[in-house]
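query_32.txt (compact mmCIF, C-alpha atoms and all ligand atoms) appears below.
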```
# COMPACT_ATOMS: atom_id res chain seq x y z
CA ARG A 27 17.44 13.51 24.41
CA ALA A 28 17.63 11.34 21.31
CA ARG A 29 15.04 12.08 18.62
CA VAL A 30 12.95 9.05 17.66
CA VAL A 31 10.57 8.62 14.72
CA VAL A 32 8.22 5.63 15.13
CA LEU A 33 6.60 3.81 12.19
CA ILE A 34 3.35 1.88 12.64
CA SER A 35 0.59 0.26 10.59
CA GLY A 36 -2.09 -0.73 13.11
CA THR A 37 -3.17 -0.21 16.69
CA GLY A 38 0.21 1.17 17.73
CA SER A 39 0.21 -0.19 21.27
CA LEU A 40 4.01 -0.52 21.21
CA CYS A 41 4.27 3.07 20.02
CA ALA A 42 1.95 4.11 22.87
CA ALA A 43 4.29 2.39 25.36
CA LEU A 44 7.24 4.39 23.98
CA LEU A 45 5.24 7.62 24.12
CA ASP A 46 4.39 6.84 27.76
CA ALA A 47 8.05 6.14 28.57
CA THR A 48 9.12 9.52 27.15
CA GLU A 49 6.94 11.28 29.72
CA ASP A 50 9.55 10.38 32.35
CA PRO A 51 12.10 13.24 32.37
CA ALA A 52 14.84 10.65 33.03
CA TYR A 53 14.05 8.75 29.80
CA PRO A 54 16.80 9.56 27.27
CA ALA A 55 14.62 9.82 24.15
CA ASP A 56 11.67 11.76 22.73
CA VAL A 57 9.25 10.58 20.06
CA VAL A 58 9.36 13.50 17.61
CA ALA A 59 6.94 12.01 15.05
CA VAL A 60 4.90 8.90 14.27
CA GLY A 61 4.52 7.80 10.65
CA ALA A 62 2.35 5.15 9.04
CA ASP A 63 1.79 3.53 5.65
CA ARG A 64 -1.99 3.95 6.02
CA PRO A 65 -4.35 5.99 8.22
CA ALA A 66 -3.53 3.67 11.13
CA PRO A 67 -5.72 3.96 14.25
CA GLY A 68 -2.53 4.03 16.36
CA LEU A 69 -1.68 7.51 15.04
CA GLU A 70 -4.27 8.70 17.54
CA HIS A 71 -1.85 7.93 20.42
CA ALA A 72 0.52 10.53 18.98
CA ARG A 73 -2.16 13.10 18.08
CA ARG A 74 -3.55 13.00 21.59
CA ARG A 75 -0.14 13.95 22.94
CA GLY A 76 0.46 16.63 20.32
CA VAL A 77 3.19 14.58 18.59
CA PRO A 78 3.25 15.17 14.79
CA THR A 79 2.10 12.33 12.52
CA PHE A 80 2.44 11.58 8.82
CA VAL A 81 1.06 8.98 6.42
CA CYS A 82 3.07 7.72 3.45
CA ALA A 83 0.89 5.22 1.58
CA LEU A 84 2.26 2.97 -1.15
CA GLY A 85 -0.91 3.56 -3.22
CA ASP A 86 -0.24 7.31 -3.37
CA HIS A 87 3.02 6.75 -5.27
CA PRO A 88 3.67 5.51 -8.84
CA ASP A 89 5.84 2.59 -7.67
CA ARG A 90 7.57 1.08 -4.67
CA SER A 91 10.79 2.95 -5.20
CA ALA A 92 9.03 6.35 -5.29
CA TRP A 93 7.20 5.35 -2.10
CA ASP A 94 10.48 4.33 -0.47
CA ARG A 95 12.07 7.70 -1.35
CA ALA A 96 9.03 9.61 -0.08
CA LEU A 97 9.08 7.62 3.17
CA ALA A 98 12.80 8.33 3.64
CA ALA A 99 12.17 12.06 3.09
CA GLY A 100 9.12 12.02 5.39
CA ILE A 101 11.20 10.49 8.19
CA ALA A 102 14.28 12.66 7.54
CA ALA A 103 12.19 15.84 7.89
CA PHE A 104 12.07 15.13 11.64
CA GLU A 105 15.88 14.70 11.89
CA PRO A 106 15.75 11.51 13.94
CA ASP A 107 18.66 9.89 15.74
CA LEU A 108 16.70 6.62 15.76
CA VAL A 109 13.88 5.21 13.64
CA VAL A 110 11.71 2.52 15.24
CA SER A 111 9.53 0.19 13.21
CA ALA A 112 6.91 -0.92 15.75
CA GLY A 113 4.27 -2.92 13.95
CA PHE A 114 5.08 -1.33 10.57
CA MET A 115 3.89 -4.04 8.20
CA LYS A 116 5.84 -3.02 5.07
CA ILE A 117 9.38 -3.92 4.03
CA VAL A 118 11.34 -0.68 3.72
CA GLY A 119 13.46 -0.10 0.61
CA PRO A 120 17.02 1.05 -0.11
CA ALA A 121 16.32 4.78 0.32
CA VAL A 122 15.17 4.28 3.92
CA LEU A 123 17.90 1.71 4.63
CA ASP A 124 20.68 3.96 3.27
CA ALA A 125 19.44 7.06 5.08
CA PHE A 126 19.10 5.39 8.49
CA GLU A 127 21.55 2.48 8.40
CA GLY A 128 22.46 1.36 11.92
CA ARG A 129 19.79 3.63 13.39
CA LEU A 130 16.70 1.76 12.17
CA ILE A 131 15.33 -0.85 14.55
CA ASN A 132 12.38 -3.23 14.36
CA THR A 133 10.44 -5.21 16.93
CA HIS A 134 9.28 -8.68 15.96
CA PRO A 135 6.93 -11.06 17.82
CA ALA A 136 9.17 -14.18 17.78
CA LEU A 137 12.68 -15.27 18.74
CA LEU A 138 14.45 -14.53 15.46
CA PRO A 139 15.79 -16.23 13.39
CA ALA A 140 12.75 -18.40 14.19
CA PHE A 141 9.48 -17.36 12.55
CA PRO A 142 10.36 -14.26 10.48
CA GLY A 143 7.70 -12.55 8.36
CA ALA A 144 4.23 -11.14 8.84
CA HIS A 145 2.63 -14.11 10.66
CA ALA A 146 5.19 -14.91 13.35
CA VAL A 147 2.70 -15.75 16.11
CA ARG A 148 0.51 -17.96 13.90
CA ASP A 149 3.62 -19.71 12.51
CA ALA A 150 4.99 -20.42 16.01
CA LEU A 151 1.66 -21.99 17.06
CA ALA A 152 1.44 -24.02 13.84
CA ALA A 153 4.97 -25.35 14.39
CA GLY A 154 4.06 -26.47 17.91
CA ALA A 155 6.68 -24.23 19.55
CA THR A 156 6.61 -24.36 23.35
CA VAL A 157 8.60 -21.13 23.69
CA THR A 158 8.52 -18.06 21.48
CA GLY A 159 9.11 -14.41 22.36
CA SER A 160 10.13 -10.96 21.27
CA THR A 161 13.15 -9.69 19.32
CA VAL A 162 14.38 -6.14 18.80
CA HIS A 163 16.87 -5.98 15.94
CA LEU A 164 18.60 -3.62 13.54
CA VAL A 165 16.95 -3.59 10.13
CA ASP A 166 18.99 -4.67 7.11
CA ALA A 167 17.97 -5.45 3.52
CA GLY A 168 16.53 -8.89 4.43
CA VAL A 169 13.19 -9.71 6.03
CA ASP A 170 13.74 -9.79 9.83
CA THR A 171 17.41 -10.74 9.37
CA GLY A 172 19.38 -7.82 10.89
CA PRO A 173 21.63 -8.09 13.98
CA VAL A 174 19.70 -8.85 17.17
CA LEU A 175 19.84 -6.15 19.87
CA ALA A 176 17.66 -7.83 22.52
CA GLN A 177 15.45 -10.88 22.95
CA ARG A 178 13.09 -12.14 25.61
CA GLU A 179 11.26 -15.46 25.83
CA VAL A 180 7.50 -15.96 26.19
CA PRO A 181 6.15 -19.47 26.92
CA VAL A 182 3.38 -20.87 24.76
CA LEU A 183 0.63 -21.98 27.17
CA PRO A 184 -1.90 -24.78 26.71
CA GLY A 185 -5.01 -23.42 24.99
CA ASP A 186 -3.19 -20.44 23.46
CA ASP A 187 -4.65 -19.12 20.24
CA GLU A 188 -3.08 -16.43 18.07
CA PRO A 189 -4.70 -13.37 19.72
CA ARG A 190 -4.03 -14.59 23.26
CA LEU A 191 -0.40 -15.51 22.63
CA HIS A 192 0.19 -12.32 20.62
CA GLU A 193 -1.17 -10.18 23.47
CA ARG A 194 1.27 -11.81 25.95
CA ILE A 195 4.14 -11.34 23.49
CA LYS A 196 3.19 -7.69 22.98
CA ALA A 197 3.32 -7.08 26.74
CA VAL A 198 6.95 -8.27 26.64
CA GLU A 199 7.68 -6.38 23.40
CA ARG A 200 6.61 -3.10 25.00
CA GLU A 201 9.13 -3.52 27.84
CA LEU A 202 11.92 -4.73 25.59
CA LEU A 203 11.38 -1.90 23.10
CA VAL A 204 11.32 0.81 25.78
CA GLU A 205 14.55 -0.62 27.29
CA THR A 206 16.33 -1.06 23.96
CA VAL A 207 15.48 2.42 22.69
CA ALA A 208 16.83 3.85 25.96
CA ARG A 209 20.06 1.88 25.52
CA MET A 210 20.44 2.96 21.87
CA ALA A 211 19.68 6.58 22.80
CA ALA A 212 22.40 6.53 25.47
CA THR A 213 24.90 5.07 22.96
CA GLU A 214 23.95 7.73 20.44
CA ARG A 215 24.72 10.41 23.04
CA GLU A 216 28.15 8.91 23.80
CA ASP A 217 28.96 8.79 20.06
CA GLU A 218 27.99 12.43 19.74
CA SER A 219 30.11 13.59 22.67
CA SER A 220 33.17 11.76 21.32
CA ARG A 221 32.76 13.34 17.83
C1 LIG B 301 3.76 -6.25 17.28
O1 LIG B 301 3.62 -7.56 17.80
C2 LIG B 301 4.95 -6.21 16.33
O2 LIG B 301 6.03 -6.97 16.73
C3 LIG B 301 4.32 -6.80 15.10
O3 LIG B 301 3.09 -6.15 15.02
C4 LIG B 301 2.60 -5.91 16.34
C5 LIG B 301 2.18 -4.46 16.46
O4 LIG B 301 1.37 -4.25 17.56
N1 LIG B 301 5.16 -6.60 13.95
C6 LIG B 301 5.34 -7.53 13.02
O5 LIG B 301 4.77 -8.63 13.02
C7 LIG B 301 6.29 -7.14 11.90
N2 LIG B 301 6.64 -8.27 11.11
P1 LIG B 301 0.77 -2.80 17.89
O6 LIG B 301 0.19 -2.22 16.59
O7 LIG B 301 -0.27 -3.03 18.93
O8 LIG B 301 1.91 -1.95 18.39
```
I'd like the structure from this file rewritten - as structure tokens, please.
Amino acid sequence: RARVVVLISGTGSLCAALLDATEDPAYPADVVAVGADRPAPGLEHARRRGVPTFVCALGDHPDRSAWDRALAAGIAAFEPDLVVSAGFMKIVGPAVLDAFEGRLINTHPALLPAFPGAHAVRDALAAGATVTGSTVHLVDAGVDTGPVLAQREVPVLPGDDEPRLHERIKAVERELLVETVARMAATEREDESSR
């Protein structure tokens, strides 16, 4: 099974969905650690299942580049095949990008390239979008700009506010993330057997 490190910042409900999926013996990946940039409540999902956790906070490092290197080392210690940013609200730096290029994926609550950034749901509502959704993509040096791996639409309903719409998007994100990680894990295995 592919080794996955998940990065979170908040409630970690997407991470919990991945942890649940790995309980199926047929699922091709395991979550080997969950990391956060703060003492995120979502780390509890991992702890409860005995999955190791780590916190790498920007404020504990002299500057952003030292933090980036520490985060890369913190992730690398678990020897992941895939790194999943699932509600990780920091932009990762060159050390993380270089170490995990092509193996670092992010889930975003909008149909990229529409509504990148930290307030995708609010921005979609403010723009009067009638359809938004969920995107899983490879991370590159830009903000939410990497190649798209999977997308699914979510309609904006009359009376939607940010929490309500975000909750419906997250329900779709959980499915899309679990499916995409399985697909990436299977590809990883094929690459390995042809090496
Ligand atoms: C998810 O909607 C994720 O796409 C979003 O944070 C939420 C995390 O939910 N990420 C971003 O907006 C990144 N720009 P969770 O903590 O319940 O898993």
Need the axis-aligned box for range 180-184 of chain A with 6 Å each side, so what are the centre and edges in Å to one decimal, as AutoDock Vina command-line options?
```
--center_x 2.8 --center_y -20.4 --center_z 26.0 --size_x 21.4 --size_y 20.8 --size_z 14.4
```
Give me, as a VMD selection string, all polymer residues having an atom no more than 10 Å from Val32 in chain A, counting all atoms listed in the file and skipping those fewer than 5 positions away in the same chain.
chain A and resid 38 40 to 41 44 to 45 57 to 62 72 79 101 106 108 to 114 130 to 132
Considering all atoms listed in the file, state which residue in the set A:Pro54, A:Pro65, A:Pro184, A:Pro78 is at the smallest distance from Val31 in chain A.
A:Pro78
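Near (17.3, -6.5, 6.2), the residues that fall inside 12 Å on the basis of only C-alpha atoms are A:Ile117, A:Val118, A:Gly119, A:Pro120, A:Val122, A:Leu123, A:Asp124, A:Glu127, A:Gly128, A:Leu130, A:Ile131, A:Asn132, A:Pro142, A:Gly143, A:His163, A:Leu164, A:Val165, A:Asp166, A:Ala167, A:Gly168, A:Val169, A:Asp170, A:Thr171, A:Gly172, A:Pro173, A:Val174.
With only C-alpha atoms and all ligand atoms as the atoms that count, the minimum distance from ligand LIG 301 (chain B) to the choices A:Val30, A:Ala152, A:Ala146, A:Leu97 is reached by A:Ala146.
The environment of Ala83 in chain A within 10 Å, counting all atoms listed in the file and disregarding residues fewer than 3 places along the same chain, consists of A:Ala62, A:Asp63, A:Arg64, A:Pro65, A:Phe80, A:Asp86, A:His87, A:Trp93, A:Asp94, A:Ala96, A:Leu97.
With all atoms listed in the file as the atoms that count, the minimum distance from Leu202 in chain A to the choices A:Asp217, A:Asp149, A:Asp187, A:Glu179 is reached by A:Glu179.
Nearest residue to ligand LIG 301 (chain B) among A:Arg27, A:Arg148, A:Arg75, A:His192 is A:His192, counting only C-alpha atoms and all ligand atoms.
Proximity to ligand LIG 301 (chain B) was assessed for A:Thr161, A:Thr37, A:Ser91, A:Thr48 counting only C-alpha atoms and all ligand atoms; the smallest distance is recorded for A:Thr37.
In terms of minimum interatomic distance to Val207 in chain A, A:Arg129 ranks closest within A:Ala103, A:Leu151, A:His134, A:Arg129, counting all atoms listed in the file.
Atom pair CA of Val147 in chain A / atom O4 of ligand LIG 301 (chain B): separated by 11.7 Å.
Going from CA of Ala208 in chain A to CA of Ala28 in chain A covers 8.9 Å.
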For range 102-113 of chain A, supply N, CA, C and O atoms and format the output as a PDB file, keeping the file's coordinate frame.
```pdb
ATOM      1  N   ALA A 102      13.111  11.775   7.391  1.00  0.00           N
ATOM      2  CA  ALA A 102      14.280  12.660   7.540  1.00  0.00           C
ATOM      3  C   ALA A 102      13.869  14.072   7.947  1.00  0.00           C
ATOM      4  O   ALA A 102      14.623  14.770   8.636  1.00  0.00           O
ATOM      5  N   ALA A 103      12.663  14.489   7.554  1.00  0.00           N
ATOM      6  CA  ALA A 103      12.190  15.840   7.890  1.00  0.00           C
ATOM      7  C   ALA A 103      12.189  16.068   9.400  1.00  0.00           C
ATOM      8  O   ALA A 103      12.290  17.204   9.852  1.00  0.00           O
ATOM      9  N   PHE A 104      12.098  14.985  10.175  1.00  0.00           N
ATOM     10  CA  PHE A 104      12.070  15.130  11.640  1.00  0.00           C
ATOM     11  C   PHE A 104      13.447  14.927  12.277  1.00  0.00           C
ATOM     12  O   PHE A 104      13.571  14.872  13.501  1.00  0.00           O
ATOM     13  N   GLU A 105      14.480  14.802  11.429  1.00  0.00           N
ATOM     14  CA  GLU A 105      15.880  14.700  11.890  1.00  0.00           C
ATOM     15  C   GLU A 105      16.064  13.728  13.043  1.00  0.00           C
ATOM     16  O   GLU A 105      16.579  14.100  14.107  1.00  0.00           O
ATOM     17  N   PRO A 106      15.663  12.457  12.832  1.00  0.00           N
ATOM     18  CA  PRO A 106      15.750  11.510  13.940  1.00  0.00           C
ATOM     19  C   PRO A 106      17.175  10.973  14.158  1.00  0.00           C
ATOM     20  O   PRO A 106      17.962  10.872  13.218  1.00  0.00           O
ATOM     21  N   ASP A 107      17.462  10.655  15.415  1.00  0.00           N
ATOM     22  CA  ASP A 107      18.660   9.890  15.740  1.00  0.00           C
ATOM     23  C   ASP A 107      18.377   8.393  15.582  1.00  0.00           C
ATOM     24  O   ASP A 107      19.268   7.610  15.291  1.00  0.00           O
ATOM     25  N   LEU A 108      17.124   8.022  15.833  1.00  0.00           N
ATOM     26  CA  LEU A 108      16.700   6.620  15.760  1.00  0.00           C
ATOM     27  C   LEU A 108      15.354   6.531  15.058  1.00  0.00           C
ATOM     28  O   LEU A 108      14.500   7.408  15.262  1.00  0.00           O
ATOM     29  N   VAL A 109      15.182   5.469  14.270  1.00  0.00           N
ATOM     30  CA  VAL A 109      13.880   5.210  13.640  1.00  0.00           C
ATOM     31  C   VAL A 109      13.428   3.826  14.127  1.00  0.00           C
ATOM     32  O   VAL A 109      14.194   2.862  14.065  1.00  0.00           O
ATOM     33  N   VAL A 110      12.203   3.764  14.644  1.00  0.00           N
ATOM     34  CA  VAL A 110      11.710   2.520  15.240  1.00  0.00           C
ATOM     35  C   VAL A 110      10.507   2.018  14.464  1.00  0.00           C
ATOM     36  O   VAL A 110       9.473   2.693  14.410  1.00  0.00           O
ATOM     37  N   SER A 111      10.650   0.848  13.852  1.00  0.00           N
ATOM     38  CA  SER A 111       9.530   0.190  13.210  1.00  0.00           C
ATOM     39  C   SER A 111       8.828  -0.664  14.263  1.00  0.00           C
ATOM     40  O   SER A 111       9.386  -1.650  14.745  1.00  0.00           O
ATOM     41  N   ALA A 112       7.627  -0.249  14.656  1.00  0.00           N
ATOM     42  CA  ALA A 112       6.910  -0.920  15.750  1.00  0.00           C
ATOM     43  C   ALA A 112       5.537  -1.342  15.245  1.00  0.00           C
ATOM     44  O   ALA A 112       4.557  -0.619  15.377  1.00  0.00           O
ATOM     45  N   GLY A 113       5.514  -2.501  14.573  1.00  0.00           N
ATOM     46  CA  GLY A 113       4.270  -2.920  13.950  1.00  0.00           C
ATOM     47  C   GLY A 113       4.050  -2.218  12.619  1.00  0.00           C
ATOM     48  O   GLY A 113       2.924  -1.981  12.214  1.00  0.00           O
TER      49      GLY A 113
END
```
